[in-house]
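S.K.: Take a look at the following structure, please.
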Amino acid sequence: MDAYDNDVREPSNLPPLPTSEELEARRKAQAFQDACGMFNVKSANQTLEEAAQRPNPVQLWLSLWYEHETCCVFADSNVGKSVYVIQMASEIAKKQKVLYFDFELSDKQFQLRYSDEDGNLHKFPEGLFRVDINPEALDVGHDFEDAVIKNIEQIALYVKASVVIIDNLTWLCNASEKGEAAGSFMKSLLGLKIKYGWSLLVIAHTPKRNLTNPITQNDLAGSKKLFNLFDSAFSIGMSAKDSNLRYVKQLKIRSGILEYHAENVMVYEIEKTGSFLHFAFRGYATEKEHLKEIDKKEEIALKEAIIQLQSEGKTQREIGKELGISASKVCRILKK
């Protein structure tokens with residue numbers, strides 16, 4: 001062996017080989033991880049370090065909905081939920097594929113909504129796909145929920161969609177024969193969302209509400225249990241000032257800050273430009289400006305109803321629920 005051979009060294013930039021103690025620690029950590037099954041266990045510092053290597057959430061629609069998150073929009077009937085969400089979907093579909101499950105409108109109703117007086121059709125981005133009901137395949141009995149979830153998965157994979165919109169949760173739950181349908185269906189849907197990394201938006205209705213009251217999470221049909229399943233949520237209210245005006249109020253967000261709260265709601269006017277029915281932005285306002293004002297006679301009648309229910313032994317919370325107002329409002333009226 002010559003001098004050159006005797007001078008061979010390992011490259012200095014290679015990491016040192018792990019010691020037997022380190023190898024054993026890794027083996028135990030992997031065994032522990034495997035034993036945890038459905039859970040991931042990491043130190044808080046490791047969690048931060050690994051998460052920091054991934055990009056921050058990207059806004060899909062303002063700060064109302066972020067990529068890879070689950071969002072809910074809810075409102076009363078005929079307020080324009082679907083119009084607003086189609087507008088969102090159309091914009092998002094310019095960059096990624098969006099799958100819109102429409103359980104509200106027939107294809108003809110959809111066509112009429114997006115046509116002008118001369119029959120000219122609106123041109124949507126090619127990345128927007130609409131799905132409606134096939135009546136012949138609707139009778140699946142007690143397996144309704146499972147069949148719907150399976151078909152949603154199949155279609156999303158077929159079109160390679162990264163964004164999935166369900167319009168609406170109320171229809172699916174009414175069509176299901178199972179009790180607790182909303183929560184059960186949402187958990188199954190969230191399983192798919194997690195599995196494929198979808199951005200998921202669900203449209204829901206509100207029960208009949210008192211238009212003098214601000215919108216809260218309690219106005220979502222299914223209320224708190226359902227609300228807790230979403231990363232973000234917002235609602236659309238009808239303005240008491242003008243029947244053509246709507247306001248959007250943000251109620252929940254995890255990835256950003258709550259921008260469009262009661263003191264800063266977004267105001268829109270529903271209008272049709274050519275063949276496109278949409279929400280035209282009109283500025284910002286307080287929610288109070290768009291709520292119905294209660295007149296003196298209604299206020300007196302409300303107080304009498306509260307006093308009557310109180311005399312029956314009902315709590316302020318029970319009274320509020322029955323009359324469609326908050327418990328704090330019941331308290332305020334009783335103090336007057």
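Note on naming: chains are A, B, ... as they come in the structure tokens, residues start from 1 per chain, ligands start from 1 in the order shown.
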Apply DSSP to the structure's backbone, then extract all residues of range 259-313 of chain A labelled helix (DSSP H, G or I) and return them as a list in words.

M.R.: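 Everything in range 259-313 of chain A that counts as helix (DSSP H, G or I) is Glu287, Lys288, Glu289, His290, Lys296, Lys297, Glu298, Glu299, Ile300, Ala301, Leu302, Lys303, Glu304, Ala305, Ile306, Ile307, Gln308, Leu309, Gln310 and Ser311 of chain A.
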
S.K.: Mind checking DSSP for range 24-254 of chain A and telling me the strand (DSSP E) residues as a PyMOL selection string?

M.R.: chain A and resi 59-61+65-66+70-75+98-102+128-131+163-167+199-205+232-238+245-252

S.K.: So which one's closest to Ala221 in chain A, A:Val148, A:Cys72, A:Ile133, A:Leu48? Using only C-alpha atoms, please.

M.R.: A:Cys72

S.K.: Tell me which of A:Lys272, A:Arg54, A:His68, A:His261 sits closest to Thr286 in chain A, counting only C-alpha atoms.

M.R.: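 The closest residue to Thr286 in chain A is A:His261.
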
S.K.: Would you list the contacts of Thr273 in chain A as number ranges by chain, taking every protein, DNA or RNA residue within 9 Å and counting only C-alpha atoms, but skipping same-chain residues closer than 4 positions in sequence?

M.R.: A: 116, 277-278
